[in-house]
file entry-v4.tsv (TSV, N, CA, C and O atoms)
chain	number	residue	atom	x	y	z
R	1	GLU	N	85.32	66.44	103.56
R	1	GLU	CA	85.23	67.88	103.73
R	1	GLU	C	86.19	68.57	102.78
R	1	GLU	O	87.29	68.09	102.59
R	2	SER	N	85.76	69.68	102.25
R	2	SER	CA	86.65	70.42	101.36
R	2	SER	C	87.36	71.51	102.15
R	2	SER	O	86.84	72.05	103.11
R	3	VAL	N	88.55	71.78	101.74
R	3	VAL	CA	89.34	72.84	102.36
R	3	VAL	C	89.20	74.08	101.50
R	3	VAL	O	89.34	74.02	100.28
R	4	ALA	N	88.91	75.20	102.15
R	4	ALA	CA	88.77	76.46	101.40
R	4	ALA	C	90.10	76.80	100.75
R	4	ALA	O	91.16	76.68	101.36
R	5	LYS	N	90.06	77.20	99.50
R	5	LYS	CA	91.27	77.58	98.78
R	5	LYS	C	91.39	79.10	98.81
R	5	LYS	O	90.38	79.81	98.80
R	6	LEU	N	92.62	79.55	98.82
R	6	LEU	CA	92.85	80.99	98.76
R	6	LEU	C	92.37	81.52	97.42
R	6	LEU	O	92.61	80.90	96.38
R	7	THR	N	91.72	82.63	97.45
R	7	THR	CA	91.27	83.24	96.20
R	7	THR	C	92.43	84.04	95.61
R	7	THR	O	93.33	84.47	96.34
R	8	PRO	N	92.41	84.25	94.32
R	8	PRO	CA	93.48	85.04	93.71
R	8	PRO	C	93.49	86.47	94.28
R	8	PRO	O	92.49	86.93	94.81
R	9	THR	N	94.61	87.10	94.12
R	9	THR	CA	94.70	88.51	94.51
R	9	THR	C	93.65	89.30	93.73
R	9	THR	O	93.45	89.05	92.55
R	10	PRO	N	92.99	90.25	94.39
R	10	PRO	CA	91.99	91.04	93.65
R	10	PRO	C	92.64	91.78	92.48
R	10	PRO	O	93.82	92.15	92.56
R	11	PRO	N	91.90	91.97	91.42
R	11	PRO	CA	92.49	92.62	90.24
R	11	PRO	C	92.82	94.09	90.50
R	11	PRO	O	92.24	94.72	91.38
R	12	ASP	N	93.76	94.58	89.72
R	12	ASP	CA	94.05	96.02	89.77
R	12	ASP	C	92.91	96.74	89.06
R	12	ASP	O	92.31	96.21	88.13
R	13	PHE	N	92.62	97.93	89.52
R	13	PHE	CA	91.65	98.79	88.86
R	13	PHE	C	92.36	100.07	88.48
R	13	PHE	O	92.90	100.76	89.34
R	14	SER	N	92.38	100.38	87.19
R	14	SER	CA	93.00	101.63	86.74
R	14	SER	C	92.13	102.79	87.18
R	14	SER	O	90.96	102.61	87.56
R	15	SER	N	92.69	103.99	87.10
R	15	SER	CA	91.91	105.18	87.47
R	15	SER	C	90.66	105.28	86.58
R	15	SER	O	89.57	105.58	87.07
R	16	LYS	N	90.82	104.97	85.30
R	16	LYS	CA	89.67	105.02	84.38
R	16	LYS	C	88.64	103.95	84.74
R	16	LYS	O	87.44	104.21	84.70
R	17	ALA	N	89.10	102.75	85.10
R	17	ALA	CA	88.17	101.67	85.44
R	17	ALA	C	87.35	102.03	86.68
R	17	ALA	O	86.16	101.72	86.75
R	18	ILE	N	87.98	102.67	87.65
R	18	ILE	CA	87.25	103.07	88.86
R	18	ILE	C	86.20	104.12	88.52
R	18	ILE	O	85.04	104.01	88.92
R	19	LYS	N	86.59	105.10	87.74
R	19	LYS	CA	85.63	106.15	87.35
R	19	LYS	C	84.51	105.56	86.50
R	19	LYS	O	83.33	105.89	86.70
R	20	ASP	N	84.85	104.69	85.56
R	20	ASP	CA	83.83	104.07	84.70
R	20	ASP	C	82.84	103.26	85.53
R	20	ASP	O	81.63	103.32	85.29
R	21	LEU	N	83.36	102.51	86.51
R	21	LEU	CA	82.48	101.72	87.37
R	21	LEU	C	81.54	102.63	88.16
R	21	LEU	O	80.35	102.40	88.24
R	22	ARG	N	82.10	103.70	88.70
R	22	ARG	CA	81.30	104.65	89.48
R	22	ARG	C	80.20	105.28	88.63
R	22	ARG	O	79.04	105.34	89.05
R	23	ILE	N	80.55	105.68	87.43
R	23	ILE	CA	79.57	106.31	86.53
R	23	ILE	C	78.53	105.29	86.07
R	23	ILE	O	77.34	105.60	86.00
R	24	ARG	N	78.97	104.06	85.79
R	24	ARG	CA	78.02	103.02	85.33
R	24	ARG	C	76.92	102.79	86.35
R	24	ARG	O	75.77	102.54	85.99
R	25	PHE	N	77.25	102.89	87.62
R	25	PHE	CA	76.25	102.66	88.67
R	25	PHE	C	75.69	103.96	89.24
R	25	PHE	O	75.05	103.96	90.28
R	26	ASP	N	75.95	105.07	88.54
R	26	ASP	CA	75.38	106.37	88.88
R	26	ASP	C	75.70	106.77	90.32
R	26	ASP	O	74.81	107.15	91.09
R	27	LEU	N	76.98	106.64	90.69
R	27	LEU	CA	77.42	107.00	92.03
R	27	LEU	C	78.30	108.24	91.98
R	27	LEU	O	79.11	108.39	91.07
R	28	THR	N	78.14	109.11	92.96
R	28	THR	CA	79.05	110.23	93.11
R	28	THR	C	80.32	109.71	93.78
R	28	THR	O	80.34	108.62	94.36
R	29	GLN	N	81.38	110.50	93.74
R	29	GLN	CA	82.59	110.13	94.46
R	29	GLN	C	82.30	109.98	95.95
R	29	GLN	O	82.79	109.06	96.60
R	30	ASP	N	81.49	110.90	96.48
R	30	ASP	CA	81.15	110.84	97.91
R	30	ASP	C	80.40	109.55	98.25
R	30	ASP	O	80.68	108.92	99.27
R	31	LEU	N	79.44	109.18	97.41
R	31	LEU	CA	78.65	107.98	97.71
R	31	LEU	C	79.50	106.71	97.58
R	31	LEU	O	79.42	105.82	98.42
R	32	LEU	N	80.33	106.65	96.55
R	32	LEU	CA	81.21	105.48	96.41
R	32	LEU	C	82.13	105.38	97.62
R	32	LEU	O	82.33	104.30	98.17
R	33	ALA	N	82.66	106.51	98.05
R	33	ALA	CA	83.53	106.52	99.23
R	33	ALA	C	82.78	106.00	100.46
R	33	ALA	O	83.31	105.18	101.21
R	34	GLN	N	81.56	106.45	100.62
R	34	GLN	CA	80.75	106.00	101.76
R	34	GLN	C	80.51	104.50	101.70
R	34	GLN	O	80.64	103.80	102.71
R	35	LEU	N	80.20	103.98	100.52
R	35	LEU	CA	79.94	102.55	100.36
R	35	LEU	C	81.19	101.71	100.64
R	35	LEU	O	81.09	100.60	101.15
R	36	LEU	N	82.36	102.26	100.31
R	36	LEU	CA	83.61	101.52	100.48
R	36	LEU	C	84.26	101.77	101.84
R	36	LEU	O	85.24	101.13	102.18
R	37	GLY	N	83.71	102.73	102.59
R	37	GLY	CA	84.27	103.03	103.91
R	37	GLY	C	85.58	103.81	103.85
R	37	GLY	O	86.45	103.62	104.69
R	38	VAL	N	85.71	104.67	102.84
R	38	VAL	CA	86.91	105.50	102.70
R	38	VAL	C	86.50	106.96	102.59
R	38	VAL	O	85.32	107.28	102.45
R	39	LYS	N	87.48	107.84	102.63
R	39	LYS	CA	87.21	109.27	102.49
R	39	LYS	C	86.97	109.61	101.01
R	39	LYS	O	87.58	108.98	100.13
R	40	PRO	N	86.13	110.59	100.74
R	40	PRO	CA	85.90	111.00	99.34
R	40	PRO	C	87.21	111.37	98.63
R	40	PRO	O	87.35	111.12	97.44
R	41	SER	N	88.16	111.94	99.37
R	41	SER	CA	89.43	112.31	98.74
R	41	SER	C	90.17	111.07	98.22
R	41	SER	O	90.91	111.16	97.23
R	42	ALA	N	89.96	109.92	98.86
R	42	ALA	CA	90.60	108.69	98.38
R	42	ALA	C	90.09	108.34	96.99
R	42	ALA	O	90.88	108.02	96.09
R	43	VAL	N	88.76	108.39	96.80
R	43	VAL	CA	88.18	108.09	95.49
R	43	VAL	C	88.71	109.08	94.44
R	43	VAL	O	89.09	108.69	93.33
R	44	LYS	N	88.75	110.35	94.82
R	44	LYS	CA	89.27	111.38	93.91
R	44	LYS	C	90.71	111.06	93.51
R	44	LYS	O	91.06	111.11	92.33
R	45	HIS	N	91.54	110.69	94.48
R	45	HIS	CA	92.94	110.37	94.19
R	45	HIS	C	93.08	109.12	93.33
R	45	HIS	O	93.96	109.05	92.46
R	46	TRP	N	92.22	108.13	93.54
R	46	TRP	CA	92.26	106.93	92.69
R	46	TRP	C	91.94	107.30	91.26
R	46	TRP	O	92.59	106.84	90.33
R	47	GLU	N	90.89	108.10	91.09
R	47	GLU	CA	90.45	108.47	89.74
R	47	GLU	C	91.46	109.37	89.03
R	47	GLU	O	91.53	109.39	87.81
R	48	GLN	N	92.25	110.10	89.80
R	48	GLN	CA	93.28	110.97	89.22
R	48	GLN	C	94.60	110.23	89.03
R	48	GLN	O	95.54	110.78	88.46
R	49	GLY	N	94.65	108.99	89.50
R	49	GLY	CA	95.87	108.21	89.36
R	49	GLY	C	96.96	108.58	90.36
R	49	GLY	O	98.11	108.16	90.22
R	50	ILE	N	96.61	109.35	91.39
R	50	ILE	CA	97.57	109.76	92.40
R	50	ILE	C	97.87	108.62	93.37
R	50	ILE	O	99.01	108.44	93.80
R	51	ARG	N	96.83	107.87	93.69
R	51	ARG	CA	96.97	106.73	94.60
R	51	ARG	C	96.25	105.53	94.01
R	51	ARG	O	95.43	105.67	93.11
R	52	LYS	N	96.54	104.36	94.58
R	52	LYS	CA	95.85	103.13	94.17
R	52	LYS	C	95.09	102.58	95.37
R	52	LYS	O	95.54	102.70	96.51
R	53	PRO	N	93.91	101.99	95.13
R	53	PRO	CA	93.14	101.43	96.25
R	53	PRO	C	93.83	100.20	96.84
R	53	PRO	O	94.57	99.50	96.15
R	54	SER	N	93.55	99.97	98.10
R	54	SER	CA	94.10	98.80	98.81
R	54	SER	C	93.51	97.52	98.22
R	54	SER	O	92.52	97.54	97.49
R	55	ALA	N	94.10	96.40	98.60
R	55	ALA	CA	93.60	95.11	98.13
R	55	ALA	C	92.17	94.88	98.58
R	55	ALA	O	91.35	94.36	97.81
R	56	SER	N	91.83	95.28	99.80
R	56	SER	CA	90.46	95.06	100.28
R	56	SER	C	89.46	95.90	99.49
R	56	SER	O	88.37	95.44	99.17
R	57	VAL	N	89.83	97.13	99.16
R	57	VAL	CA	88.94	97.98	98.35
R	57	VAL	C	88.84	97.42	96.94
R	57	VAL	O	87.74	97.39	96.37
R	58	ARG	N	89.95	96.94	96.39
R	58	ARG	CA	89.89	96.34	95.04
R	58	ARG	C	88.97	95.12	95.04
R	58	ARG	O	88.24	94.89	94.08
R	59	ARG	N	88.99	94.36	96.12
R	59	ARG	CA	88.09	93.20	96.21
R	59	ARG	C	86.64	93.68	96.22
R	59	ARG	O	85.78	93.11	95.55
R	60	LEU	N	86.34	94.73	96.99
R	60	LEU	CA	84.97	95.26	97.02
R	60	LEU	C	84.56	95.78	95.64
R	60	LEU	O	83.42	95.55	95.21
R	61	LEU	N	85.46	96.46	94.96
R	61	LEU	CA	85.15	96.94	93.60
R	61	LEU	C	84.87	95.76	92.67
R	61	LEU	O	83.95	95.82	91.84
R	62	GLN	N	85.63	94.70	92.82
R	62	GLN	CA	85.42	93.50	92.00
R	62	GLN	C	84.04	92.91	92.29
R	62	GLN	O	83.32	92.53	91.36
R	63	ILE	N	83.66	92.84	93.54
R	63	ILE	CA	82.35	92.30	93.91
R	63	ILE	C	81.24	93.18	93.33
R	63	ILE	O	80.27	92.66	92.77
R	64	ILE	N	81.39	94.49	93.44
R	64	ILE	CA	80.39	95.41	92.89
R	64	ILE	C	80.27	95.22	91.38
R	64	ILE	O	79.18	95.20	90.82
R	65	GLU	N	81.41	95.06	90.72
R	65	GLU	CA	81.42	94.89	89.26
R	65	GLU	C	80.72	93.60	88.83
R	65	GLU	O	79.97	93.57	87.87
R	66	VAL	N	80.94	92.53	89.59
R	66	VAL	CA	80.39	91.22	89.24
R	66	VAL	C	78.96	91.03	89.73
R	66	VAL	O	78.14	90.39	89.07
R	67	GLU	N	78.66	91.60	90.90
R	67	GLU	CA	77.34	91.46	91.51
R	67	GLU	C	76.77	92.84	91.85
R	67	GLU	O	76.69	93.22	93.03
R	68	PRO	N	76.37	93.62	90.84
R	68	PRO	CA	75.92	94.99	91.11
R	68	PRO	C	74.72	95.07	92.06
R	68	PRO	O	74.52	96.10	92.71
R	69	ASP	N	73.94	94.00	92.17
R	69	ASP	CA	72.80	94.02	93.08
R	69	ASP	C	73.22	94.22	94.53
R	69	ASP	O	72.41	94.61	95.37
R	70	ILE	N	74.48	93.96	94.82
R	70	ILE	CA	75.00	94.14	96.17
R	70	ILE	C	74.87	95.59	96.62
R	70	ILE	O	74.73	95.88	97.81
R	71	LEU	N	74.91	96.50	95.65
R	71	LEU	CA	74.80	97.93	95.98
R	71	LEU	C	73.50	98.23	96.70
R	71	LEU	O	73.46	99.02	97.65
R	72	GLU	N	72.42	97.61	96.26
R	72	GLU	CA	71.12	97.84	96.90
R	72	GLU	C	71.12	97.30	98.32
R	72	GLU	O	70.44	97.84	99.19
R	73	LYS	N	71.88	96.25	98.56
R	73	LYS	CA	71.90	95.63	99.89
R	73	LYS	C	72.75	96.40	100.88
R	73	LYS	O	72.48	96.37	102.08
R	74	ILE	N	73.79	97.09	100.38
R	74	ILE	CA	74.67	97.80	101.31
R	74	ILE	C	74.42	99.30	101.35
R	74	ILE	O	74.94	99.97	102.22
R	75	ALA	N	73.64	99.81	100.42
R	75	ALA	CA	73.38	101.27	100.38
R	75	ALA	C	72.39	101.66	101.48
R	75	ALA	O	71.58	100.90	101.91
call {"tool": "encode", "arguments": {"input": "entry-v4.tsv", "output": "structure tokens"}}
result
Amino acid sequence: ESVAKLTPTPPDFSSKAIKDLRIRFDLTQDLLAQLLGVKPSAVKHWEQGIRKPSASVRRLLQIIEVEPDILEKIA
């Protein structure tokens, strides 16, 4: 039997990277917030560089970036 290994810490996403990802997938700030389970103001603050997303949100952003088809499954 194999033992599950811890995955690396999710990558940091700069304010520009978050906005670029959102625009690439044609999402509004409100829709991205809804998909991630956060308030729209959180997405706005990330994109403005006021705040940084949590590790769990960064993991979700990483998954969306690597497997964009997931958006159709969770939307």
call {"tool": "atom_distance", "arguments": {"input": "entry-v4.tsv", "atom1": "atom O of Ser14 of chain R", "atom2": "atom CA of Ser56 of chain R"}}
result
14.8 Å
call {"tool": "atom_distance", "arguments": {"input": "entry-v4.tsv", "atom1": "atom O of Ile74 of chain R", "atom2": "atom N of Arg51 of chain R"}}
result
24.8 Å
call {"tool": "closest_residue", "arguments": {"input": "entry-v4.tsv", "among": "R:His45, R:Leu21, R:Asp30, R:Pro53", "to": "Val66 of chain R", "atoms": "only C-alpha atoms"}}
result
R:Leu21
call {"tool": "closest_residue", "arguments": {"input": "entry-v4.tsv", "among": "R:Leu32, R:Arg24, R:Lys39, R:Phe13", "to": "Arg58 of chain R", "atoms": "all atoms listed in the file"}}
result
R:Phe13
call {"tool": "atom_distance", "arguments": {"input": "entry-v4.tsv", "atom1": "atom N of Gln62 of chain R", "atom2": "atom N of Pro11 of chain R"}}
result
7.0 Å
call {"tool": "select_by_dssp", "arguments": {"input": "entry-v4.tsv", "residues": "chain R", "states": "helix (DSSP H, G or I)", "output": "count of residues only"}}
result
44
call {"tool": "closest_residue", "arguments": {"input": "entry-v4.tsv", "among": "R:Leu35, R:Ser41, R:Glu47, R:Ala17", "to": "Leu60 of chain R", "atoms": "all atoms listed in the file"}}
result
R:Leu35
call {"tool": "closest_residue", "arguments": {"input": "entry-v4.tsv", "among": "R:Ile18, R:Val57, R:Leu71, R:Ile23", "to": "Val43 of chain R", "atoms": "only N, CA, C and O atoms"}}
result
R:Ile18
call {"tool": "closest_residue", "arguments": {"input": "entry-v4.tsv", "among": "R:Lys19, R:Pro10, R:Gln29, R:Glu72", "to": "Ser54 of chain R", "atoms": "all atoms listed in the file"}}
result
R:Pro10
call {"tool": "closest_residue", "arguments": {"input": "entry-v4.tsv", "among": "R:Phe25, R:Thr7, R:Ser15, R:Gly37", "to": "Ile50 of chain R", "atoms": "all atoms listed in the file"}}
result
R:Ser15
call {"tool": "axis_aligned_box", "arguments": {"input": "entry-v4.tsv", "around": "segment 62-69 of chain R", "padding_each_side": "5 Å", "output": "AutoDock Vina command-line options"}}
result
--center_x 79.0 --center_y 93.2 --center_z 91.6 --size_x 23.2 --size_y 15.7 --size_z 17.5
call {"tool": "decode", "arguments": {"input": "entry-v4.tsv", "residues": "segment 12-50 of chain R", "atoms": "N, CA and C atoms", "output": "short mmCIF file (atom, residue, chain, number, x, y, z; two decimals), in the first residue's frame"}}
result
data_model
loop_
_atom_site.label_atom_id
_atom_site.label_comp_id
_atom_site.auth_asym_id
_atom_site.auth_seq_id
_atom_site.Cartn_x
_atom_site.Cartn_y
_atom_site.Cartn_z
N ASP R 12 1.70 30.94 -4.66
CA ASP R 12 1.17 32.30 -4.47
C ASP R 12 0.61 32.76 -5.82
N PHE R 13 -0.42 33.56 -5.75
CA PHE R 13 -0.98 34.18 -6.94
C PHE R 13 -0.90 35.69 -6.74
N SER R 14 -0.20 36.37 -7.63
CA SER R 14 -0.12 37.83 -7.55
C SER R 14 -1.47 38.41 -7.92
N SER R 15 -1.65 39.69 -7.62
CA SER R 15 -2.91 40.35 -7.96
C SER R 15 -3.13 40.28 -9.48
N LYS R 16 -2.06 40.46 -10.25
CA LYS R 16 -2.18 40.39 -11.71
C LYS R 16 -2.54 38.97 -12.16
N ALA R 17 -1.93 37.96 -11.53
CA ALA R 17 -2.20 36.57 -11.92
C ALA R 17 -3.67 36.21 -11.66
N ILE R 18 -4.22 36.70 -10.56
CA ILE R 18 -5.63 36.42 -10.26
C ILE R 18 -6.52 37.08 -11.30
N LYS R 19 -6.25 38.33 -11.60
CA LYS R 19 -7.06 39.05 -12.59
C LYS R 19 -6.91 38.40 -13.97
N ASP R 20 -5.69 38.04 -14.34
CA ASP R 20 -5.46 37.41 -15.64
C ASP R 20 -6.21 36.08 -15.75
N LEU R 21 -6.18 35.30 -14.67
CA LEU R 21 -6.90 34.02 -14.67
C LEU R 21 -8.40 34.25 -14.83
N ARG R 22 -8.91 35.22 -14.10
CA ARG R 22 -10.35 35.54 -14.16
C ARG R 22 -10.75 35.97 -15.57
N ILE R 23 -9.95 36.82 -16.17
CA ILE R 23 -10.25 37.31 -17.52
C ILE R 23 -10.10 36.20 -18.55
N ARG R 24 -9.08 35.35 -18.38
CA ARG R 24 -8.86 34.24 -19.34
C ARG R 24 -10.08 33.34 -19.42
N PHE R 25 -10.75 33.14 -18.29
CA PHE R 25 -11.92 32.26 -18.27
C PHE R 25 -13.23 33.04 -18.33
N ASP R 26 -13.15 34.32 -18.68
CA ASP R 26 -14.32 35.17 -18.90
C ASP R 26 -15.25 35.18 -17.68
N LEU R 27 -14.66 35.40 -16.51
CA LEU R 27 -15.43 35.45 -15.27
C LEU R 27 -15.45 36.87 -14.72
N THR R 28 -16.59 37.27 -14.19
CA THR R 28 -16.65 38.54 -13.48
C THR R 28 -16.09 38.31 -12.08
N GLN R 29 -15.80 39.40 -11.38
CA GLN R 29 -15.35 39.27 -9.99
C GLN R 29 -16.43 38.57 -9.16
N ASP R 30 -17.69 38.93 -9.41
CA ASP R 30 -18.79 38.31 -8.66
C ASP R 30 -18.86 36.81 -8.91
N LEU R 31 -18.72 36.40 -10.16
CA LEU R 31 -18.82 34.97 -10.48
C LEU R 31 -17.63 34.20 -9.91
N LEU R 32 -16.44 34.75 -10.02
CA LEU R 32 -15.28 34.07 -9.45
C LEU R 32 -15.46 33.93 -7.94
N ALA R 33 -15.95 34.97 -7.30
CA ALA R 33 -16.19 34.92 -5.86
C ALA R 33 -17.19 33.81 -5.53
N GLN R 34 -18.24 33.73 -6.30
CA GLN R 34 -19.26 32.70 -6.07
C GLN R 34 -18.66 31.30 -6.24
N LEU R 35 -17.84 31.10 -7.26
CA LEU R 35 -17.23 29.80 -7.50
C LEU R 35 -16.27 29.41 -6.37
N LEU R 36 -15.60 30.41 -5.79
CA LEU R 36 -14.62 30.15 -4.74
C LEU R 36 -15.22 30.17 -3.34
N GLY R 37 -16.49 30.59 -3.24
CA GLY R 37 -17.14 30.64 -1.94
C GLY R 37 -16.69 31.80 -1.07
N VAL R 38 -16.35 32.92 -1.72
CA VAL R 38 -15.93 34.11 -0.98
C VAL R 38 -16.79 35.30 -1.41
N LYS R 39 -16.64 36.40 -0.71
CA LYS R 39 -17.38 37.62 -1.06
C LYS R 39 -16.72 38.29 -2.27
N PRO R 40 -17.52 38.95 -3.11
CA PRO R 40 -16.93 39.67 -4.26
C PRO R 40 -15.86 40.68 -3.82
N SER R 41 -16.03 41.28 -2.66
CA SER R 41 -15.03 42.25 -2.19
C SER R 41 -13.68 41.58 -1.97
N ALA R 42 -13.68 40.29 -1.64
CA ALA R 42 -12.41 39.58 -1.46
C ALA R 42 -11.65 39.52 -2.78
N VAL R 43 -12.35 39.17 -3.87
CA VAL R 43 -11.71 39.10 -5.19
C VAL R 43 -11.18 40.49 -5.57
N LYS R 44 -11.98 41.51 -5.33
CA LYS R 44 -11.57 42.89 -5.63
C LYS R 44 -10.29 43.23 -4.86
N HIS R 45 -10.25 42.89 -3.58
CA HIS R 45 -9.07 43.20 -2.76
C HIS R 45 -7.84 42.41 -3.21
N TRP R 46 -8.03 41.16 -3.64
CA TRP R 46 -6.90 40.38 -4.16
C TRP R 46 -6.34 41.05 -5.40
N GLU R 47 -7.24 41.44 -6.29
CA GLU R 47 -6.80 42.04 -7.56
C GLU R 47 -6.15 43.40 -7.36
N GLN R 48 -6.52 44.09 -6.30
CA GLN R 48 -5.93 45.40 -6.00
C GLN R 48 -4.67 45.26 -5.15
N GLY R 49 -4.36 44.04 -4.74
CA GLY R 49 -3.17 43.82 -3.93
C GLY R 49 -3.34 44.21 -2.47
N ILE R 50 -4.57 44.45 -2.04
CA ILE R 50 -4.85 44.84 -0.65
C ILE R 50 -4.76 43.63 0.28
#
